[in-house]
>>> print(open('protein.pdb').read())   # PDB, C-alpha atoms, pLDDT in the B column
ATOM      1  CA  MET A   1      81.200-118.289 -42.646  1.00 47.00           C
ATOM      2  CA  MET A   2      79.279-120.995 -40.906  1.00 53.00           C
ATOM      3  CA  PHE A   3      82.431-122.907 -39.809  1.00 52.00           C
ATOM      4  CA  TRP A   4      84.332-119.833 -38.731  1.00 54.00           C
ATOM      5  CA  TYR A   5      84.644-120.617 -35.005  1.00 57.00           C
ATOM      6  CA  ASP A   6      83.324-124.071 -34.136  1.00 56.00           C
ATOM      7  CA  HIS A   7      85.007-126.491 -36.558  1.00 61.00           C
ATOM      8  CA  ASP A   8      88.481-125.058 -36.975  1.00 64.00           C
ATOM      9  CA  VAL A   9      91.408-127.407 -36.418  1.00 67.00           C
ATOM     10  CA  GLY A  10      93.386-126.285 -33.384  1.00 70.00           C
ATOM     11  CA  GLY A  11      97.114-126.497 -32.652  1.00 75.00           C
ATOM     12  CA  TRP A  12      96.976-130.133 -31.529  1.00 80.00           C
ATOM     13  CA  GLY A  13      95.090-131.090 -34.680  1.00 80.00           C
ATOM     14  CA  TRP A  14      97.822-129.594 -36.857  1.00 83.00           C
ATOM     15  CA  PHE A  15     100.470-131.321 -34.772  1.00 87.00           C
ATOM     16  CA  ALA A  16      98.714-134.695 -35.053  1.00 88.00           C
ATOM     17  CA  MET A  17      98.308-134.323 -38.831  1.00 89.00           C
ATOM     18  CA  THR A  18     101.951-133.308 -39.266  1.00 91.00           C
ATOM     19  CA  ALA A  19     103.248-136.140 -37.069  1.00 94.00           C
ATOM     20  CA  SER A  20     101.077-138.734 -38.808  1.00 95.00           C
ATOM     21  CA  MET A  21     102.175-137.529 -42.258  1.00 96.00           C
ATOM     22  CA  ILE A  22     105.859-137.730 -41.257  1.00 97.00           C
ATOM     23  CA  LEU A  23     105.294-141.207 -39.814  1.00 97.00           C
ATOM     24  CA  PHE A  24     103.437-142.297 -42.957  1.00 98.00           C
ATOM     25  CA  TRP A  25     106.256-141.203 -45.287  1.00 97.00           C
ATOM     26  CA  ALA A  26     108.911-142.666 -42.990  1.00 97.00           C
ATOM     27  CA  LEU A  27     107.139-146.043 -43.162  1.00 98.00           C
ATOM     28  CA  ILE A  28     106.812-145.852 -46.955  1.00 98.00           C
ATOM     29  CA  ILE A  29     110.522-144.971 -47.396  1.00 97.00           C
ATOM     30  CA  THR A  30     111.619-147.686 -44.942  1.00 97.00           C
ATOM     31  CA  ALA A  31     109.503-150.316 -46.708  1.00 97.00           C
ATOM     32  CA  ALA A  32     110.909-149.287 -50.098  1.00 97.00           C
ATOM     33  CA  ALA A  33     114.500-149.418 -48.806  1.00 96.00           C
ATOM     34  CA  LEU A  34     114.013-152.864 -47.247  1.00 94.00           C
ATOM     35  CA  LEU A  35     112.349-154.189 -50.391  1.00 93.00           C
ATOM     36  CA  SER A  36     115.158-152.819 -52.545  1.00 91.00           C
ATOM     37  CA  LYS A  37     117.773-154.383 -50.261  1.00 89.00           C
ATOM     38  CA  ALA A  38     115.998-157.753 -50.313  1.00 85.00           C
ATOM     39  CA  LEU A  39     115.661-157.784 -54.093  1.00 86.00           C
ATOM     40  CA  ASN A  40     119.269-156.722 -54.783  1.00 84.00           C
ATOM     41  CA  ARG A  41     121.035-159.094 -52.397  1.00 77.00           C
ATOM     42  CA  PRO A  42     123.161-161.803 -54.001  1.00 71.00           C
ATOM     43  CA  TYR A  43     121.805-165.292 -54.056  1.00 69.00           C
ATOM     44  CA  GLU A  44     124.202-166.937 -51.614  1.00 62.00           C
ATOM     45  CA  HIS A  45     122.426-170.272 -51.672  1.00 62.00           C
ATOM     46  CA  ILE A  46     122.892-170.520 -55.453  1.00 64.00           C
ATOM     47  CA  HIS A  47     126.525-169.384 -55.552  1.00 64.00           C
ATOM     48  CA  ALA A  48     127.662-171.315 -52.471  1.00 67.00           C
ATOM     49  CA  PRO A  49     130.604-173.580 -53.190  1.00 73.00           C
ATOM     50  CA  VAL A  50     129.782-177.257 -53.277  1.00 75.00           C
ATOM     51  CA  PRO A  51     131.858-179.176 -50.751  1.00 79.00           C
ATOM     52  CA  ALA A  52     134.279-181.625 -52.307  1.00 86.00           C
ATOM     53  CA  ALA A  53     133.487-185.307 -52.001  1.00 90.00           C
ATOM     54  CA  PRO A  54     135.691-187.094 -49.486  1.00 91.00           C
ATOM     55  CA  THR A  55     138.551-189.113 -50.898  1.00 91.00           C
ATOM     56  CA  PRO A  56     138.651-192.873 -50.373  1.00 91.00           C
ATOM     57  CA  GLU A  57     141.455-192.401 -47.833  1.00 92.00           C
ATOM     58  CA  GLN A  58     139.297-189.950 -45.859  1.00 93.00           C
ATOM     59  CA  ILE A  59     136.354-192.355 -45.878  1.00 94.00           C
ATOM     60  CA  LEU A  60     138.606-195.156 -44.672  1.00 93.00           C
ATOM     61  CA  ALA A  61     140.019-192.916 -41.919  1.00 94.00           C
ATOM     62  CA  GLN A  62     136.474-192.031 -40.830  1.00 94.00           C
ATOM     63  CA  ARG A  63     135.585-195.723 -40.675  1.00 94.00           C
ATOM     64  CA  LEU A  64     138.646-196.328 -38.491  1.00 93.00           C
ATOM     65  CA  ALA A  65     137.662-193.441 -36.232  1.00 94.00           C
ATOM     66  CA  ARG A  66     134.130-194.833 -35.876  1.00 93.00           C
ATOM     67  CA  GLY A  67     135.519-198.265 -35.053  1.00 92.00           C
ATOM     68  CA  GLU A  68     134.093-200.006 -38.121  1.00 93.00           C
ATOM     69  CA  VAL A  69     137.547-201.369 -39.074  1.00 91.00           C
ATOM     70  CA  ASP A  70     140.531-202.219 -36.920  1.00 92.00           C
ATOM     71  CA  GLU A  71     144.025-200.844 -37.451  1.00 93.00           C
ATOM     72  CA  ASP A  72     145.337-203.894 -39.315  1.00 93.00           C
ATOM     73  CA  GLU A  73     142.442-203.827 -41.753  1.00 93.00           C
ATOM     74  CA  TYR A  74     142.873-200.066 -42.120  1.00 94.00           C
ATOM     75  CA  GLN A  75     146.559-200.422 -43.023  1.00 94.00           C
ATOM     76  CA  ARG A  76     145.795-203.236 -45.466  1.00 93.00           C
ATOM     77  CA  ARG A  77     143.008-201.337 -47.218  1.00 92.00           C
ATOM     78  CA  LEU A  78     145.046-198.138 -47.272  1.00 92.00           C
ATOM     79  CA  ALA A  79     147.923-199.980 -48.970  1.00 92.00           C
ATOM     80  CA  VAL A  80     145.515-201.371 -51.574  1.00 91.00           C
ATOM     81  CA  LEU A  81     144.067-197.932 -52.220  1.00 89.00           C
ATOM     82  CA  ARG A  82     147.484-196.352 -52.654  1.00 89.00           C
ATOM     83  CA  THR A  83     148.829-199.059 -54.982  1.00 89.00           C
ATOM     84  CA  SER A  84     145.721-199.193 -57.148  1.00 78.00           C
ATOM     85  CA  ARG A  85     145.759-195.475 -57.886  1.00 65.00           C
ATOM     86  CA  PRO A  86     148.070-194.442 -60.743  1.00 64.00           C
ATOM     87  CA  ASN A  87     148.711-190.934 -59.352  1.00 60.00           C
ATOM     88  CA  ALA A  88     149.204-191.870 -55.701  1.00 49.00           C
ATOM     89  CA  PRO A  89     151.080-189.274 -53.615  1.00 53.00           C
TER
END
>>> encode(input="protein.pdb", output="structure tokens")
Amino acid sequence: MMFWYDHDVGGWGWFAMTASMILFWALIITAAALLSKALNRPYEHIHAPVPAAPTPEQILAQRLARGEVDEDEYQRRLAVLRTSRPNAP
């Protein structure tokens, strides 16, 4: 009976409590959803395909493009590479 008039929560108090409770649960649900999504995502860095190593012909072509060998040396080395390989195309 002592708190009958002075310490009652008014309309704005109920609104603030309701809004803060909704915000609290929305934050909890959002955090749980984001955590679940982060834990269930596939490990792309583990399953990423490993790039194939360049072939000797590709390395030689890159050296020609960089200017490390001239065209005559390129043709000579390319001929050696193709004749030394048993399954040359």
>>> resolve_selection(input="protein.pdb", expression="the PyMOL selection byres ((chain A and resi 57) around 10)", output="ChimeraX atom specification")
/A:54-56,58-63,74,77-78,81-82
>>> axis_aligned_box(input="protein.pdb", around="stretch 36-42 of chain A", padding_each_side="8 Å", output="JSON")
{"center_x": 119.2, "center_y": -157.3, "center_z": -52.5, "size_x": 24.0, "size_y": 25.0, "size_z": 20.5}
>>> atom_distance(input="protein.pdb", atom1="atom CA of A:Thr18", atom2="atom CA of A:Ala33")
22.5 Å
>>> atom_distance(input="protein.pdb", atom1="atom CA of A:Arg66", atom2="atom CA of A:Pro51")
21.7 Å
